[in-house]
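Have a look at the structure below before the remarks.
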Amino acid sequence: MRWTLKPKPDPKKIVDLSTKLGVDAAIAELLLQRGIESFEAAKTFFRPSWSDLHDPFLMKDMDKAVERIEVALKNNEQILVFGDYDVDGTSSVALMASYLETRSTQISTYIPDRYEEGYGVSYKGIDFASDNEFSLIIALDCGVKALDKVAYAKKKGIDFIICDHHRPGKKLPDAVAILDPKRSDCEYPFKELCGCGVGFKLIQALASKEEIPVESLVGYLDLVATAIGADIVPIVGENRALAYFGLQVINSNPRPGFKALINQMKKEVLTITDVVFNIAPRINAAGRMKHGNYAVSLMKEMNFENAEIAASEIELFNTNRREADKRITQEALLQIEHSNETENATTVVYQEDWHKGVIGIVASRLIETYYRPTLVFTKSGEFLAASARSINGFDVYNALENCSHLLEQFGGHMYAAGLTIKEENYSAFKTAFEAEVSSTLPAHLQTPEIKIDSEINFDAITPKFYRILKQFAPFGPQNMSPVFMTTAVRDTGYGKCVGEDQTHLRVTLTQNGSPKIIGIGFGLGAHLPTIKNNTPFKVVYSIDENEWNGRVSLQLKLKGIKP
């Protein structure tokens, strides 16, 4: 791991902000690193408000979308709410359908089958709409590149409204309205909404026409916050406000489906991290292992007893997902080890019987061992399908775009993408992708990085300091949990390896006579010799709380140790 200490802000600015806010210099430094330089900016950061949300009609085509939906509601048209099978897609569908059902009985939902239909808008879904006399499809978290399918729907007399957040292609579909902040001609002030966030802006716009204030829509924000966390979008600006209020709903009055999931977790207060690593995988497991409809049903369910039954089903899907993930990861690692590609710039592996629902997770797991852009392929009908995952700082979407002549279709983001390919093109693509990445991936990005916010001494870590740190949440891209470095640290003699396989490290640290503080380093057991014999060393860590026998104390989550 390479340690990178972020540049220290102007000392005068640190002193000035520290004085204005009445906080330690270390807190002022963290705020300045996040672009917060004034009392007003700090107030907005620490106390998100409804006024942080932008006027939805600033989004290109919002007026057209609202007008078409109002006509459909007035004429009692059948409306099909269509979304992808991942967390962002299913939560978007649950959100939009739940809102529209308060205004019409002619609302239905459609989630494509991951295996039969694949990602995004599908011909099968359009045929379903046509056969059942739907005249309007609202597509969420997909559709911005579905030119042929939207044209096919139009021939069948079906209008499309698209709510997406992916990068559009050179041409846009011929839809009634395309809501996507990433459109080059869209001047919406915040570009990083997830699909569910774009859906929320649409219901905000619809509600405003009914003179319903946005605060009245707070009950939908548990869905939005979950999608924001799961889709790994920046938790700044409008996303920060949406996630902030959404977490309040999750922790105070969650919808029955979420309450049933939370009860299984047995945790009182959830953070965005808990949402990402506990709620989101369970919602995802439905689409991965069975069908995304299970997730939509759970999130829409208003009866708690029914929600408990649905949550139990999804828990079983999640257990099966974990087992498949573990097995396929082991098989993929063996495949890499037995190849002559361990020194490649990329990982590209394929086995025809790998479960399509977990190949994205497996790609992320492989990066933990071989830190490089990774694609995991499996057989999908007449094609091969793959999930791509990238490493910090490298745009895998661009790399795929430069190999697109070999692809049938692809889509996604900088760090995650999906694609399909003809089987006969697999070898040529693998060679082209390796060549593309090896020629464009800078050497320094090939080593994992720990980004350090600032260097502090242990005596700065006080309950007051931590109380303010907690208010930096919700954490996520562009506002990660602060990481600190402390030097001249010594173990007090209690350092030891722990865990079933003794791979973790538990230490009791001090610095220049400071009060002792416990540190836990997962996977850092190999560093035990570094801390022995009272030798000084330096540590990188984040700070959290540890509860033991009813007593709460601060502890360090160690990320790295160096002599």
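Residue numbering restarts at 1 in every chain; chains get A, B, ... in the order shown in the structure tokens, and ligands count up from 1 in that same order.
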Mind running range 414-434 of chain A against range 324-347 of chain A at 12 Å and telling me each contacting residue's nearest atom pair with the distance in Å (one decimal), counting only C-alpha atoms, chain and number ascending, as CSV?
```
residue,atom,partner,partner_atom,distance
A:Lys430,CA,A:Thr346,CA,9.1
A:Thr431,CA,A:Thr346,CA,10.0
A:Ala432,CA,A:Thr346,CA,10.8
A:Phe433,CA,A:Thr346,CA,7.8
A:Glu434,CA,A:Thr346,CA,5.8
```
Legend entry - Filtered DSSP result for range 345-441 of chain A, state helix (DSSP H, G or I), as a PyMOL selection string: chain A and resi 356-369+396-401+404-406+423-440
Inset, instruction - Run DSSP on the backbone and give me the residues of range 155-322 of chain A it puts in strand (DSSP E), as an NGL selection string. - result: :A and (159-163 or 177-179)
Selected residues written out, N, CA and C atoms, as a PDB file, in the first residue's frame:
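result26.pdb was written with the following content:
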```pdb
ATOM      1  N   ASP A 159     -45.576   5.221 -25.356  1.00  0.00           N
ATOM      2  CA  ASP A 159     -44.669   6.335 -25.060  1.00  0.00           C
ATOM      3  C   ASP A 159     -43.681   5.938 -23.969  1.00  0.00           C
ATOM      4  N   PHE A 160     -42.502   6.569 -24.005  1.00  0.00           N
ATOM      5  CA  PHE A 160     -41.461   6.335 -23.006  1.00  0.00           C
ATOM      6  C   PHE A 160     -41.104   7.629 -22.292  1.00  0.00           C
ATOM      7  N   ILE A 161     -40.977   7.544 -20.973  1.00  0.00           N
ATOM      8  CA  ILE A 161     -40.297   8.578 -20.179  1.00  0.00           C
ATOM      9  C   ILE A 161     -39.107   7.887 -19.533  1.00  0.00           C
ATOM     10  N   ILE A 162     -37.918   8.435 -19.733  1.00  0.00           N
ATOM     11  CA  ILE A 162     -36.692   7.815 -19.235  1.00  0.00           C
ATOM     12  C   ILE A 162     -36.119   8.637 -18.077  1.00  0.00           C
ATOM     13  N   CYS A 163     -35.875   7.977 -16.953  1.00  0.00           N
ATOM     14  CA  CYS A 163     -35.210   8.587 -15.794  1.00  0.00           C
ATOM     15  C   CYS A 163     -33.898   7.825 -15.589  1.00  0.00           C
ATOM     16  N   ALA A 177     -39.749  12.171 -22.927  1.00  0.00           N
ATOM     17  CA  ALA A 177     -38.866  12.947 -22.052  1.00  0.00           C
ATOM     18  C   ALA A 177     -37.708  12.067 -21.610  1.00  0.00           C
ATOM     19  N   ILE A 178     -36.528  12.660 -21.542  1.00  0.00           N
ATOM     20  CA  ILE A 178     -35.344  11.953 -21.039  1.00  0.00           C
ATOM     21  C   ILE A 178     -34.751  12.784 -19.908  1.00  0.00           C
ATOM     22  N   LEU A 179     -34.961  12.315 -18.686  1.00  0.00           N
ATOM     23  CA  LEU A 179     -34.417  12.983 -17.509  1.00  0.00           C
ATOM     24  C   LEU A 179     -33.088  12.331 -17.168  1.00  0.00           C
TER      25      LEU A 179
END
```
Legend entry - Shell around Tyr115 in chain A at 12 Å using only C-alpha atoms, local window under 2 positions removed, as a PyMOL selection string: chain A and resi 85+111-113+117-120+122+287-292+355-357+378-385
Using C-alpha atoms, can you export the residues from the last selection as a PDB file, in the first residue's frame?
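Result file again.pdb:
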```
ATOM      1  CA  TYR A  85     -32.843  -5.520 -11.260  1.00  0.00           C
ATOM      2  CA  ILE A 111     -38.309  -5.786 -13.675  1.00  0.00           C
ATOM      3  CA  PRO A 112     -36.455  -7.621 -16.478  1.00  0.00           C
ATOM      4  CA  ASP A 113     -35.151 -11.098 -15.785  1.00  0.00           C
ATOM      5  CA  GLU A 117     -33.568 -10.337 -20.778  1.00  0.00           C
ATOM      6  CA  GLY A 118     -30.355  -8.893 -19.427  1.00  0.00           C
ATOM      7  CA  TYR A 119     -29.698  -5.320 -18.343  1.00  0.00           C
ATOM      8  CA  GLY A 120     -32.009  -2.403 -19.107  1.00  0.00           C
ATOM      9  CA  SER A 122     -35.980  -5.210 -23.062  1.00  0.00           C
ATOM     10  CA  GLY A 287     -32.284 -10.091  -8.680  1.00  0.00           C
ATOM     11  CA  ARG A 288     -29.029 -12.037  -8.539  1.00  0.00           C
ATOM     12  CA  MET A 289     -30.412 -15.359  -7.380  1.00  0.00           C
ATOM     13  CA  LYS A 290     -34.132 -15.340  -8.267  1.00  0.00           C
ATOM     14  CA  HIS A 291     -35.886 -12.223  -9.618  1.00  0.00           C
ATOM     15  CA  GLY A 292     -35.869  -8.499  -8.860  1.00  0.00           C
ATOM     16  CA  HIS A 355     -23.689 -17.685 -11.874  1.00  0.00           C
ATOM     17  CA  LYS A 356     -24.392 -14.461 -13.736  1.00  0.00           C
ATOM     18  CA  GLY A 357     -25.889 -12.927 -10.624  1.00  0.00           C
ATOM     19  CA  THR A 378     -20.019 -16.212 -17.996  1.00  0.00           C
ATOM     20  CA  LYS A 379     -22.285 -17.739 -20.639  1.00  0.00           C
ATOM     21  CA  SER A 380     -25.550 -15.871 -21.172  1.00  0.00           C
ATOM     22  CA  GLY A 381     -27.765 -17.351 -23.871  1.00  0.00           C
ATOM     23  CA  GLU A 382     -26.000 -17.069 -27.229  1.00  0.00           C
ATOM     24  CA  PHE A 383     -23.524 -14.491 -25.871  1.00  0.00           C
ATOM     25  CA  LEU A 384     -20.973 -14.130 -23.106  1.00  0.00           C
ATOM     26  CA  ALA A 385     -21.798 -11.571 -20.422  1.00  0.00           C
TER      27      ALA A 385
END
```
Inset, instruction - Please provide as a count of residues only all residues within 12 Å of Val275 in chain A, with the sequence filter that same-chain residues fewer than 6 positions apart are discarded (counting only C-alpha atoms). - result: 29
Inset, instruction - Compile the contact shell of range 449-458 of chain A as a list in words: residues with an atom at most 6 Å away, counting only C-alpha atoms, same-chain residues fewer than 5 positions apart removed. - result: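 With the cut-off at 6 Å, the set is Met1, Arg2, Trp3, Thr4, Leu5, Lys6, Val483, Phe484, Met485 and Thr486 of chain A.
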Legend entry - Shell around Lys464 in chain A at 12 Å using only C-alpha atoms, local window under 5 positions removed, as a PyMOL selection string: chain A and resi 22-24+27+459+469-471+554
Legend entry - Atom-to-atom span, CA of Gly197 in chain A and CA of Lys209 in chain A, Å: 18.8 Å
Would you mind listing what lies within 8 Å of Gly237 in chain A as a PDB file with C-alpha atoms, in the first residue's frame, with only C-alpha atoms counted and same-chain residues fewer than 2 positions away left out?
```
ATOM      1  CA  ASP A  52     -30.549  22.158  -0.336  1.00  0.00           C
ATOM      2  CA  PHE A 190     -26.166  18.552  -9.570  1.00  0.00           C
ATOM      3  CA  ILE A 235     -22.414  11.823  -1.100  1.00  0.00           C
ATOM      4  CA  ASN A 239     -27.106  13.486  -2.518  1.00  0.00           C
ATOM      5  CA  ARG A 240     -25.870  14.401   0.967  1.00  0.00           C
ATOM      6  CA  ALA A 241     -29.203  16.004   1.871  1.00  0.00           C
TER       7      ALA A 241
END
```
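Going from CA of Lys43 in chain A over to CA of Thr19 in chain A, you cover 14.6 Å.
Among A:Thr447, A:Ser387, A:Asn303, A:Ser252, the residue with the shortest atom-to-atom distance to Tyr371 in chain A, counting only C-alpha atoms, is A:Thr447.
Candidate residues A:Glu70, A:Glu268, A:Glu187, A:Asp63 were compared for distance to Leu136 in chain A, and the nearest is A:Glu70, using only C-alpha atoms.
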Legend entry - Atomic separation - CA of Leu30 in chain A relative to CA of Phe46 in chain A, Å: 12.8 Å
